[in-house]
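entry-v9.txt (compact mmCIF, C-alpha atoms)
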```txt
# COMPACT_ATOMS: atom_id res chain seq x y z
CA MET A 1 141.94 94.45 -63.42
CA GLY A 2 143.19 96.55 -66.20
CA LEU A 3 146.75 97.46 -66.81
CA THR A 4 148.97 95.79 -64.31
CA ASN A 5 152.60 96.50 -63.74
CA PRO A 6 153.93 93.67 -61.61
CA ALA A 7 156.85 95.80 -60.56
CA THR A 8 154.54 98.22 -58.76
CA GLU A 9 151.71 95.84 -58.08
CA TYR A 10 153.66 93.68 -55.68
CA ARG A 11 155.72 96.40 -54.10
CA GLY A 12 154.95 96.54 -50.46
CA ALA A 13 152.58 93.60 -50.56
CA ASP A 14 154.92 91.80 -48.31
CA SER A 15 155.94 94.41 -45.82
CA GLY A 16 159.51 95.52 -46.05
CA THR A 17 160.29 93.60 -49.22
CA THR A 18 160.20 94.63 -52.84
CA VAL A 19 159.85 92.16 -55.62
CA THR A 20 162.84 92.81 -57.81
CA SER A 21 162.76 89.70 -59.92
CA VAL A 22 160.49 91.34 -62.50
CA SER A 23 161.43 94.23 -64.71
CA PRO A 24 159.42 97.46 -64.38
CA ASN A 25 159.40 97.71 -68.18
CA TRP A 26 156.55 95.29 -68.99
CA VAL A 27 152.96 94.79 -68.03
CA THR A 28 150.40 92.06 -68.39
CA THR A 29 146.91 92.69 -69.73
CA ARG A 30 144.24 91.21 -71.92
CA LEU A 31 144.36 92.20 -75.57
CA ASP A 32 140.67 93.15 -75.49
CA PHE A 33 141.25 95.43 -72.56
CA LEU A 34 144.23 97.09 -74.16
CA THR A 35 142.52 97.82 -77.48
CA ASN A 36 139.30 98.96 -75.83
CA TRP A 37 141.23 101.12 -73.37
CA ALA A 38 143.12 102.76 -76.21
CA ARG A 39 140.05 103.21 -78.37
CA SER A 40 137.73 104.54 -75.71
CA ASN A 41 140.26 107.08 -74.51
CA SER A 42 141.18 108.44 -77.91
CA LEU A 43 137.78 108.93 -79.51
CA TRP A 44 138.10 111.51 -82.22
CA PRO A 45 134.70 113.10 -82.74
CA MET A 46 133.34 114.13 -86.11
CA PRO A 47 130.98 116.97 -85.23
CA PHE A 48 127.88 117.07 -87.41
CA GLY A 49 126.32 120.21 -85.96
CA THR A 50 123.14 121.42 -87.62
CA ALA A 51 121.34 123.46 -84.97
CA CYS A 52 121.38 124.80 -81.42
CA CYS A 53 122.75 121.50 -80.05
CA ALA A 54 125.96 122.36 -81.88
CA ILE A 55 126.29 125.44 -79.64
CA GLU A 56 126.16 123.18 -76.59
CA TYR A 57 128.61 120.87 -78.33
CA MET A 58 130.99 123.80 -78.80
CA ALA A 59 130.62 124.63 -75.12
CA THR A 60 131.39 121.00 -74.31
CA ALA A 61 134.56 121.18 -76.37
CA ALA A 62 135.61 124.56 -75.01
CA SER A 63 137.74 125.17 -71.93
CA ARG A 64 135.10 125.10 -69.21
CA PHE A 65 133.90 121.54 -69.90
CA ASP A 66 136.76 120.44 -72.15
CA ILE A 67 136.09 116.99 -73.58
CA ALA A 68 139.83 116.79 -74.26
CA ARG A 69 139.90 115.45 -70.70
CA PHE A 70 138.25 112.30 -72.04
CA GLY A 71 140.65 111.80 -74.92
CA MET A 72 138.63 113.75 -77.47
CA GLU A 73 141.47 116.14 -77.95
CA ARG A 74 141.20 116.37 -81.67
CA GLN A 75 138.01 117.47 -83.38
CA SER A 76 138.11 115.55 -86.61
CA PHE A 77 136.57 117.60 -89.35
CA SER A 78 137.42 114.90 -91.83
CA PRO A 79 135.29 111.76 -91.49
CA ARG A 80 138.21 109.61 -92.60
CA GLN A 81 140.13 110.38 -89.41
CA ALA A 82 137.13 110.16 -87.07
CA ASP A 83 135.91 107.51 -84.64
CA VAL A 84 132.63 108.86 -83.39
CA LEU A 85 130.01 110.83 -85.29
CA ILE A 86 128.13 113.28 -83.07
CA CYS A 87 124.96 114.47 -84.75
CA ALA A 88 124.17 117.65 -82.84
CA GLY A 89 120.89 119.03 -84.06
CA ARG A 90 117.94 118.28 -86.28
CA LEU A 91 118.45 116.44 -89.52
CA PRO A 92 116.32 117.43 -92.51
CA PHE A 93 115.73 114.91 -95.27
CA LYS A 94 117.92 117.03 -97.52
CA LEU A 95 120.88 116.26 -95.24
CA ALA A 96 120.06 112.54 -94.91
CA PRO A 97 122.26 111.46 -97.84
CA VAL A 98 125.01 113.75 -96.53
CA ILE A 99 125.19 112.20 -93.06
CA ARG A 100 124.91 108.75 -94.61
CA ARG A 101 127.89 109.49 -96.87
CA ILE A 102 129.92 110.87 -93.96
CA TRP A 103 129.11 107.76 -91.94
CA ASP A 104 130.14 105.53 -94.84
CA GLN A 105 133.41 107.43 -95.15
CA MET A 106 134.35 106.82 -91.52
CA PRO A 107 136.68 103.84 -91.04
CA GLN A 108 135.83 100.93 -88.74
CA PRO A 109 135.51 100.68 -85.83
CA LYS A 110 133.15 103.64 -85.52
CA TRP A 111 130.41 104.80 -83.19
CA SER A 112 127.77 107.51 -83.22
CA ILE A 113 126.06 109.71 -80.69
CA SER A 114 122.65 111.22 -81.36
CA MET A 115 122.67 114.49 -79.44
CA GLY A 116 119.38 116.09 -78.49
CA ALA A 117 115.69 115.47 -79.00
CA CYS A 118 115.62 116.33 -82.71
CA ALA A 119 118.44 114.06 -83.77
CA SER A 120 117.03 111.24 -81.65
CA THR A 121 113.33 111.50 -82.52
CA GLY A 122 112.65 114.47 -84.76
CA GLY A 123 111.70 116.45 -81.65
CA ILE A 124 109.09 119.11 -82.20
CA PHE A 125 109.63 118.96 -85.97
CA ASP A 126 107.15 116.24 -86.85
CA ASN A 127 106.71 117.59 -90.36
CA TYR A 128 107.37 116.93 -94.02
CA SER A 129 111.00 117.99 -94.06
CA MET A 130 112.57 116.37 -91.01
CA VAL A 131 114.06 112.93 -90.41
CA GLN A 132 112.27 111.40 -87.40
CA GLY A 133 115.39 110.18 -85.64
CA ILE A 134 118.76 109.65 -87.28
CA ASP A 135 118.57 105.96 -86.35
CA THR A 136 116.51 105.56 -89.53
CA ILE A 137 119.61 106.66 -91.49
CA ILE A 138 122.66 105.49 -89.50
CA PRO A 139 123.07 103.19 -86.48
CA VAL A 140 123.21 105.04 -83.15
CA ASP A 141 125.11 103.94 -80.03
CA VAL A 142 124.11 106.57 -77.48
CA TYR A 143 121.10 108.88 -77.44
CA VAL A 144 121.52 112.05 -75.38
CA PRO A 145 118.15 113.57 -74.45
CA GLY A 146 117.62 117.29 -73.97
CA CYS A 147 116.63 120.33 -75.94
CA PRO A 148 119.48 121.02 -76.15
CA PRO A 149 121.38 118.81 -73.68
CA ARG A 150 123.69 120.63 -71.32
CA PRO A 151 127.41 119.90 -71.74
CA GLU A 152 127.22 117.66 -68.66
CA GLY A 153 124.59 115.63 -70.49
CA LEU A 154 126.77 115.17 -73.54
CA ILE A 155 129.77 114.28 -71.39
CA TYR A 156 127.61 111.68 -69.64
CA GLY A 157 126.71 110.29 -73.05
CA ILE A 158 130.37 110.18 -74.04
CA ARG A 159 131.22 108.37 -70.79
CA LEU A 160 128.45 105.86 -71.54
CA LEU A 161 129.92 105.31 -74.99
CA GLN A 162 133.35 104.77 -73.46
CA LYS A 163 131.81 102.24 -71.10
CA LYS A 164 130.17 100.52 -74.04
CA ILE A 165 133.48 100.37 -75.91
CA MET A 166 135.19 98.89 -72.84
CA GLY A 167 132.67 96.04 -73.01
CA GLU A 168 133.43 95.16 -76.60
CA SER A 169 135.48 92.12 -77.52
CA ILE A 170 137.31 90.93 -80.57
CA ASP A 171 135.23 87.76 -80.27
CA ASN A 172 132.07 89.74 -80.85
CA ASP A 173 131.50 91.19 -84.26
CA MET A 174 132.15 94.77 -83.29
CA LEU A 175 132.74 95.85 -86.86
CA ARG A 176 129.41 96.97 -88.23
CA GLU A 177 128.17 95.05 -91.20
CA GLU A 178 125.73 97.35 -92.93
CA HIS A 179 123.99 96.68 -96.19
CA PRO A 180 120.93 98.26 -97.73
CA VAL A 181 117.79 96.19 -97.26
CA GLY A 182 116.80 94.92 -100.67
CA PRO A 183 116.81 97.29 -103.61
CA SER A 184 115.22 100.13 -101.61
CA GLY A 185 118.48 101.72 -100.49
CA LEU A 186 117.18 101.85 -96.91
CA PHE A 187 119.35 100.42 -94.15
CA LEU A 188 116.35 99.26 -92.13
CA PRO A 189 113.20 97.51 -93.35
CA ALA A 190 110.61 100.05 -94.53
CA GLU A 191 108.11 99.05 -91.85
CA ARG A 192 110.80 99.57 -89.19
CA VAL A 193 111.45 103.09 -90.48
CA ASP A 194 107.71 103.81 -90.35
CA GLU A 195 107.54 102.41 -86.84
CA LEU A 196 110.46 104.51 -85.63
CA SER A 197 108.92 107.61 -87.21
CA GLU A 198 105.51 107.17 -85.61
CA PRO A 199 104.19 110.41 -84.14
CA PHE A 200 103.97 110.65 -80.39
CA GLY A 201 102.92 113.16 -77.74
CA ASN A 202 100.83 116.04 -78.99
CA SER A 203 101.39 115.25 -82.63
CA VAL A 204 99.34 112.03 -82.61
CA SER A 205 96.18 114.09 -82.97
CA GLN A 206 97.38 115.44 -86.31
CA THR A 207 96.46 112.79 -88.83
CA ARG A 208 98.24 112.22 -92.10
CA SER A 209 95.94 112.89 -95.01
CA THR A 210 96.69 110.77 -98.01
CA MET B 1 103.58 152.52 -77.62
CA THR B 2 100.70 153.74 -79.70
CA ALA B 3 99.41 152.20 -82.89
CA ARG B 4 100.68 153.81 -86.04
CA ALA B 5 98.26 156.22 -87.65
CA PRO B 6 96.66 154.94 -90.88
CA VAL B 7 98.67 157.13 -93.21
CA LEU B 8 98.21 156.47 -96.90
CA SER B 9 101.45 156.16 -98.82
CA PRO B 10 102.03 159.17 -101.10
CA SER B 11 102.80 156.73 -103.90
CA VAL B 12 99.18 155.66 -104.33
CA THR B 13 97.87 158.79 -106.03
CA PRO B 14 100.58 158.94 -108.73
CA LEU B 15 100.24 155.15 -109.17
CA ARG B 16 96.52 155.49 -109.88
CA ALA B 17 97.17 158.40 -112.21
CA GLU B 18 99.76 156.38 -114.12
CA PHE B 19 98.06 152.98 -114.27
CA GLY B 20 94.34 153.71 -113.76
CA ALA B 21 92.28 150.55 -113.67
CA ALA B 22 95.33 148.29 -113.29
CA ILE B 23 95.39 149.34 -109.63
CA THR B 24 92.40 147.35 -108.43
CA ARG B 25 92.31 148.61 -104.86
CA HIS B 26 94.46 149.82 -102.01
CA VAL B 27 94.19 149.45 -98.25
CA VAL B 28 96.05 150.80 -95.25
CA SER B 29 96.72 148.10 -92.70
CA CYS B 30 98.67 148.68 -89.46
CA GLY B 31 100.17 151.80 -90.99
CA ASP B 32 101.33 150.02 -94.15
CA THR B 33 99.88 150.74 -97.54
CA ILE B 34 98.98 147.70 -99.63
CA VAL B 35 98.33 148.17 -103.34
CA HIS B 36 96.53 145.44 -105.25
CA VAL B 37 97.57 145.30 -108.87
CA ASP B 38 96.28 143.56 -111.95
CA ARG B 39 98.35 140.47 -112.74
CA GLU B 40 99.15 141.50 -116.33
CA ARG B 41 100.45 144.92 -115.34
CA ALA B 42 102.31 143.91 -112.18
CA HIS B 43 105.73 143.98 -113.79
CA ASP B 44 105.06 147.42 -115.33
CA VAL B 45 103.89 148.77 -111.99
CA LEU B 46 106.92 147.40 -110.15
CA ALA B 47 109.31 148.72 -112.82
CA TRP B 48 107.69 152.14 -112.58
CA LEU B 49 107.89 152.10 -108.78
CA LYS B 50 111.55 151.27 -108.99
CA ASP B 51 112.61 153.91 -111.51
CA ALA B 52 110.09 156.75 -111.55
CA PRO B 53 111.40 159.99 -110.03
CA GLY B 54 109.86 160.52 -106.62
CA GLN B 55 109.27 156.75 -106.13
CA GLU B 56 112.70 155.09 -106.33
CA PHE B 57 111.81 151.89 -104.50
CA ASN B 58 115.33 150.62 -105.08
CA TYR B 59 115.34 147.83 -102.49
CA LEU B 60 113.25 144.67 -102.73
CA THR B 61 112.75 143.60 -99.12
CA ASP B 62 110.90 140.38 -99.77
CA ILE B 63 108.75 138.36 -102.10
CA THR B 64 106.32 135.94 -100.58
CA ALA B 65 102.89 134.45 -101.19
CA VAL B 66 99.74 133.89 -99.18
CA GLU B 67 97.13 131.17 -99.46
CA TYR B 68 94.00 131.49 -97.36
CA ARG B 69 92.13 128.62 -95.78
CA ASP B 70 89.07 129.44 -97.83
CA PRO B 71 89.64 127.52 -101.09
CA GLU B 72 87.60 130.10 -103.00
CA ARG B 73 89.98 132.92 -102.21
CA PRO B 74 92.79 133.52 -104.66
CA LEU B 75 96.46 133.14 -103.83
CA GLN B 76 98.39 136.34 -103.35
CA VAL B 77 101.92 137.15 -104.40
CA VAL B 78 103.42 139.90 -102.24
CA TRP B 79 106.28 142.23 -103.04
CA GLN B 80 107.55 144.31 -100.14
CA LEU B 81 109.40 147.36 -101.45
CA ARG B 82 111.64 149.84 -99.72
CA SER B 83 113.04 153.14 -100.88
CA LEU B 84 116.36 153.44 -99.11
CA GLY B 85 116.73 157.11 -100.03
CA ARG B 86 113.22 158.22 -99.10
CA LYS B 87 112.89 155.80 -96.14
CA ALA B 88 109.48 154.71 -97.42
CA ASP B 89 107.82 151.32 -97.74
CA LEU B 90 105.15 149.96 -100.05
CA ARG B 91 103.54 146.55 -100.36
CA VAL B 92 102.29 145.38 -103.75
CA LYS B 93 100.02 142.38 -104.14
CA VAL B 94 98.76 140.38 -107.08
CA GLU B 95 95.92 137.89 -106.80
CA LEU B 96 96.14 134.59 -108.66
CA ASP B 97 92.97 132.61 -109.17
CA GLN B 98 93.25 129.04 -107.85
CA ALA B 99 91.77 127.74 -111.10
CA GLY B 100 94.03 129.72 -113.42
CA PRO B 101 97.74 129.31 -114.05
CA LEU B 102 99.82 130.27 -111.02
CA GLU B 103 102.18 132.48 -112.96
CA VAL B 104 103.48 136.03 -112.73
CA ARG B 105 106.35 137.79 -114.44
CA SER B 106 109.69 137.63 -112.68
CA VAL B 107 111.16 140.87 -111.35
CA TRP B 108 114.67 139.44 -111.52
CA ASP B 109 115.40 141.94 -114.29
CA LEU B 110 114.56 144.82 -111.89
CA TRP B 111 116.07 143.58 -108.61
CA ARG B 112 118.74 140.86 -108.77
CA GLY B 113 117.86 139.97 -105.18
CA ALA B 114 114.60 138.50 -106.48
CA ASP B 115 116.52 135.44 -107.69
CA TRP B 116 116.38 133.31 -104.55
CA LEU B 117 113.18 134.92 -103.23
CA GLU B 118 111.28 133.82 -106.33
CA ARG B 119 112.85 130.38 -106.15
CA GLU B 120 111.64 130.04 -102.57
CA VAL B 121 108.08 131.06 -103.48
CA TYR B 122 108.18 128.61 -106.38
CA ASP B 123 109.50 125.87 -104.09
CA MET B 124 106.92 126.39 -101.37
CA PHE B 125 103.83 127.44 -103.37
CA GLY B 126 104.43 126.27 -106.95
CA ILE B 127 104.00 129.77 -108.34
CA VAL B 128 105.93 130.14 -111.59
CA PHE B 129 107.88 133.33 -112.22
CA ALA B 130 108.09 133.74 -115.97
CA GLY B 131 111.44 135.07 -117.08
CA HIS B 132 113.38 133.88 -114.05
CA PRO B 133 116.79 132.66 -115.26
CA ASP B 134 117.05 129.59 -113.03
CA LEU B 135 113.70 128.74 -111.51
CA ARG B 136 114.14 125.55 -109.51
CA ARG B 137 113.66 124.41 -105.95
CA ILE B 138 115.90 126.09 -103.39
CA LEU B 139 114.98 124.63 -99.97
CA MET B 140 113.76 121.19 -100.96
CA TRP B 141 116.01 119.10 -103.18
CA GLU B 142 115.70 119.09 -106.96
CA THR B 143 113.96 115.73 -107.23
CA TYR B 144 111.46 116.40 -104.42
CA ALA B 145 108.22 114.88 -105.68
CA GLU B 146 105.63 115.51 -102.96
CA GLY B 147 104.42 118.90 -104.12
CA TYR B 148 104.55 122.38 -102.64
CA PRO B 149 104.75 122.29 -98.83
CA LEU B 150 103.14 125.63 -97.94
CA ARG B 151 99.98 125.01 -99.97
CA LYS B 152 96.90 124.38 -97.87
CA ASN B 153 96.25 121.00 -99.51
CA PHE B 154 99.68 119.76 -98.41
CA PRO B 155 99.51 117.64 -95.24
CA LEU B 156 101.89 118.60 -92.44
CA ARG B 157 103.88 115.39 -92.68
CA GLY B 158 103.88 115.25 -96.45
CA HIS B 159 102.06 112.90 -98.78
CA PHE B 160 104.39 109.90 -98.63
CA SER B 161 105.06 107.51 -95.78
CA ARG B 162 108.16 108.10 -93.67
CA SER B 163 109.92 105.11 -95.17
CA GLU B 164 109.23 106.34 -98.69
CA GLN B 165 110.43 109.83 -97.75
CA THR B 166 113.58 108.34 -96.23
CA ARG B 167 114.14 106.14 -99.28
CA GLN B 168 113.80 109.08 -101.67
CA ALA B 169 116.01 111.28 -99.50
CA LEU B 170 118.75 108.63 -99.36
CA ALA B 171 118.47 108.12 -103.10
CA ALA B 172 119.16 111.82 -103.74
CA ASN B 173 122.65 112.74 -104.76
CA PRO B 174 124.01 115.04 -102.05
CA GLU B 175 126.12 116.82 -104.62
CA ALA B 176 123.17 117.72 -106.82
CA HIS B 177 122.53 121.09 -105.19
CA TYR B 178 124.68 123.36 -107.31
CA SER B 179 123.82 125.95 -109.91
CA LEU B 180 123.20 124.94 -113.48
CA GLU B 181 126.59 126.27 -114.49
CA GLU B 182 128.37 124.19 -111.88
CA LEU B 183 126.25 121.16 -112.69
CA SER B 184 127.06 121.16 -116.37
CA ILE B 185 130.65 120.25 -115.50
CA ALA B 186 129.91 118.11 -112.42
CA GLU B 187 129.88 114.36 -111.98
CA ALA B 188 126.30 114.60 -110.80
CA TYR B 189 125.12 115.58 -114.29
CA GLN B 190 123.63 112.19 -115.10
CA GLU B 191 121.70 112.19 -111.81
CA LEU B 192 119.72 115.27 -112.76
CA PRO B 193 116.08 115.06 -113.79
CA ALA B 194 115.59 114.93 -117.55
CA ASP B 195 113.99 118.39 -117.74
CA MET B 196 116.97 119.97 -116.00
CA ARG B 197 119.37 118.28 -118.36
CA ALA B 198 117.29 119.62 -121.24
CA ARG B 199 117.47 123.12 -119.79
CA LEU B 200 121.22 122.77 -119.40
CA ALA B 201 121.50 121.58 -122.98
CA ARG B 202 119.56 124.66 -124.10
CA GLY B 203 122.13 126.78 -122.31
CA GLU B 204 119.64 128.28 -119.89
CA ARG B 205 121.23 130.53 -117.28
CA GLY B 206 124.10 131.32 -119.53
CA PHE B 207 125.36 134.48 -117.91
CA LEU B 208 126.32 136.14 -114.68
CA LYS B 209 126.69 139.86 -114.26
```

Take the structure in the file and write it out as structure tokens.
Amino acid sequence: MGLTNPATEYRGADSGTTVTSVSPNWVTTRLDFLTNWARSNSLWPMPFGTACCAIEYMATAASRFDIARFGMERQSFSPRQADVLICAGRLPFKLAPVIRRIWDQMPQPKWSISMGACASTGGIFDNYSMVQGIDTIIPVDVYVPGCPPRPEGLIYGIRLLQKKIMGESIDNDMLREEHPVGPSGLFLPAERVDELSEPFGNSVSQTRST
Amino acid sequence: MTARAPVLSPSVTPLRAEFGAAITRHVVSCGDTIVHVDRERAHDVLAWLKDAPGQEFNYLTDITAVEYRDPERPLQVVWQLRSLGRKADLRVKVELDQAGPLEVRSVWDLWRGADWLEREVYDMFGIVFAGHPDLRRILMWETYAEGYPLRKNFPLRGHFSRSEQTRQALAANPEAHYSLEELSIAEAYQELPADMRARLARGERGFLK
């Protein structure tokens, strides 16, 4: 599986002989595998750090944990040269159009990681000012739980995303087709947004007065 | 650590001598002196506290407001003053009746630092500071339509449904958060609410010092 160099693959298979009829300068592979291999190992992250998760993100990028080991060498502070948007921290409604615009500016193919409880669900901030999960604003590939997640947690999420990318195929429609639903400007149906934003845990006992 | 002794601020006696009945009452709480002032004279009192010899409260620590759970009790606007030279503090409060207009005079002309503090109180409580050069929301976005979040009649999750909140948030122009001066030359000009465009057309906030 994967990248195969026949020149090395067959060497020693038959003891004492070396296959010399093939050149060591070419390999065989599937196109899907090659593109996915290249993409998943050169993910350029666009850090969208809004809170304490961004501190853990910085630790992840720094020398001790060093996500450059996984091909995320370059932090892309321009969305136009980024592959994966990492939302590290809570997202207030005031920033919702900002992250949406950044996401729209990123070229296809693109992925996103929701880092931490607040980005994934709103976390403890079940109030008037906070988006209850960034999946109501942009599509999310990997949710990393934690408050904040440790760097190991984020790295695990990145590895999951790489695994997901390795499973993609040109046959499948891996380019995201996103259009607002109706004239509302929302990217999900309104009832789906309400469903995703439902209170849970302790906050269910606090009713919404109308 | 022992509790601070209830020491009355030495500013209270000269304040009462200067303003008489405009000082409605004063209390000492946790070692801090709180002076309640008549709404109409609040600006005069604060100006006097800033400039009078022996007072010189030249630093405005904070402006905030208080609403109590009891709907009968008035709202309070709080100015926390500090004299950097004398190392002294004083808290001044004005009570605003819930039924009356929630309006006090701005102290932006005394302390420039009041600019954003008054905008925050306006944003969160809806209290209008007359004479403020650029009174608009500072934490919530300009077109925020749900009301004033720190008022007691404001539900924790806001008035609108989550989908409506998300829709309105996505409809906001992310570039529409600049000062009036910047906005008058920005592409976002047409996105502004009509009243802001009118204020821009009037040339409000025409100067910086």

- Task: May I ask which of the residues B:Ala198, B:Leu46, B:Ala171, B:Leu15 is the closest one to chain A, counting all atoms listed in the file?
- Result: B:Ala171

- With distances taken over only C-alpha atoms, which of A:Asn127, A:Ser169, A:Thr136, A:Thr121 is nearest to chain B? A:Asn127

- Message: My list of candidates is B:Leu150, B:Leu192, B:Leu135, B:Met140. Which is closest to chain A when distances are computed with only C-alpha atoms?
- Response: B:Met140

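Closest approach to chain B from the set A:Thr29, A:Gln162, A:Asn172, A:Ser129 is made by A:Ser129, with distances taken over all atoms listed in the file.
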
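Across the structure, atom CA of B:Met196 and atom CA of B:Phe129 are spaced 16.6 Å apart.
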
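Within 6 Å of chain A, counting only C-alpha atoms, chain B contributes B:Pro155, B:Leu156, B:Arg157, B:Gly158, B:His159, B:Arg162, B:Ser163, B:Arg167, B:Ala169, B:Leu170, B:Pro174.
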
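When only C-alpha atoms are used to compute distances to A:Ile67, the closest of the residues A:Met115, A:Ile124, A:Leu43, A:Leu85 turns out to be A:Leu43.
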
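Residues surrounding B:Ala114 within 10 Å are Leu60, Thr61, Asp62, Ile63, Trp79, Ser106, Val107, Trp108, Asp109, Leu110, Glu118, Arg119, Glu120 and His132 of chain B [all atoms listed in the file; sequence separation below 4 positions excluded].
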
Pick out the residues sitting within 8 Å of A:Ile86, and hand them over as a PDB file with C-alpha atoms, in the frame of the given file; count all atoms listed in the file, and ignore anything fewer than 6 positions along from it in its own chain.
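Output (result-v4.pdb):
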```pdb
ATOM      1  CA  PRO A  45     134.700 113.100 -82.740  1.00  0.00           C
ATOM      2  CA  MET A  46     133.340 114.130 -86.110  1.00  0.00           C
ATOM      3  CA  PRO A  47     130.980 116.970 -85.230  1.00  0.00           C
ATOM      4  CA  PHE A  48     127.880 117.070 -87.410  1.00  0.00           C
ATOM      5  CA  GLY A  49     126.320 120.210 -85.960  1.00  0.00           C
ATOM      6  CA  SER A 112     127.770 107.510 -83.220  1.00  0.00           C
ATOM      7  CA  ILE A 113     126.060 109.710 -80.690  1.00  0.00           C
ATOM      8  CA  SER A 114     122.650 111.220 -81.360  1.00  0.00           C
ATOM      9  CA  MET A 115     122.670 114.490 -79.440  1.00  0.00           C
TER      10      MET A 115
END
```

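Non-sequential neighbours of B:Ala130 (distance at most 9 Å, separation of 6 or more positions within a chain, only C-alpha atoms) are Glu103, Val104, Arg105 and Ser106 of chain B.
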
- Item | B:Val35 environment, 12 Å, all atoms listed in the file, sequence neighbours closer than 4 positions dropped, as a PyMOL selection string | chain B and resi 8-13+15-16+19+22-29+42+45-46+49+76-81+89-95

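Going from atom CA of A:Pro148 to atom CA of A:Ala61 covers 15.1 Å.
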
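Coordinates place atom CA of A:Met106 at a distance of 17.1 Å from atom CA of A:Pro180.
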
Take stretch 140-153 of chain A, model N, CA, C and O atoms, and hand the result over as a compact mmCIF listing (two decimals), in the coordinates of the input.
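Once everything was written out, this is part-v6.txt:
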```
# COMPACT_ATOMS: atom_id res chain seq x y z
N VAL A 140 122.89 104.12 -84.24
CA VAL A 140 123.21 105.04 -83.15
C VAL A 140 123.59 104.24 -81.91
O VAL A 140 122.93 103.25 -81.59
N ASP A 141 124.67 104.62 -81.25
CA ASP A 141 125.11 103.94 -80.03
C ASP A 141 124.52 104.57 -78.78
O ASP A 141 124.06 103.87 -77.89
N VAL A 142 124.57 105.90 -78.69
CA VAL A 142 124.11 106.57 -77.48
C VAL A 142 123.17 107.71 -77.89
O VAL A 142 123.48 108.49 -78.79
N TYR A 143 122.02 107.76 -77.25
CA TYR A 143 121.10 108.88 -77.44
C TYR A 143 121.22 109.80 -76.23
O TYR A 143 121.09 109.35 -75.10
N VAL A 144 121.45 111.09 -76.48
CA VAL A 144 121.52 112.05 -75.38
C VAL A 144 120.25 112.88 -75.43
O VAL A 144 120.03 113.62 -76.39
N PRO A 145 119.37 112.77 -74.42
CA PRO A 145 118.15 113.57 -74.45
C PRO A 145 118.43 115.02 -74.05
O PRO A 145 119.48 115.34 -73.49
N GLY A 146 117.47 115.88 -74.34
CA GLY A 146 117.62 117.29 -73.97
C GLY A 146 117.32 118.17 -75.15
O GLY A 146 117.39 117.74 -76.30
N CYS A 147 117.01 119.42 -74.86
CA CYS A 147 116.63 120.33 -75.94
C CYS A 147 117.15 121.73 -75.65
O CYS A 147 116.39 122.57 -75.24
N PRO A 148 118.42 122.00 -75.89
CA PRO A 148 119.48 121.02 -76.15
C PRO A 148 120.01 120.46 -74.84
O PRO A 148 119.77 121.02 -73.78
N PRO A 149 120.76 119.34 -74.90
CA PRO A 149 121.38 118.81 -73.68
C PRO A 149 122.45 119.77 -73.18
O PRO A 149 123.14 120.40 -73.97
N ARG A 150 122.58 119.85 -71.87
CA ARG A 150 123.69 120.63 -71.32
C ARG A 150 125.01 119.87 -71.57
O ARG A 150 124.99 118.68 -71.82
N PRO A 151 126.13 120.59 -71.53
CA PRO A 151 127.41 119.90 -71.74
C PRO A 151 127.60 118.70 -70.81
O PRO A 151 128.15 117.67 -71.23
N GLU A 152 127.12 118.81 -69.56
CA GLU A 152 127.22 117.66 -68.66
C GLU A 152 126.50 116.45 -69.25
O GLU A 152 126.95 115.31 -69.10
N GLY A 153 125.35 116.71 -69.89
CA GLY A 153 124.59 115.63 -70.49
C GLY A 153 125.37 114.95 -71.60
O GLY A 153 125.42 113.72 -71.69
```
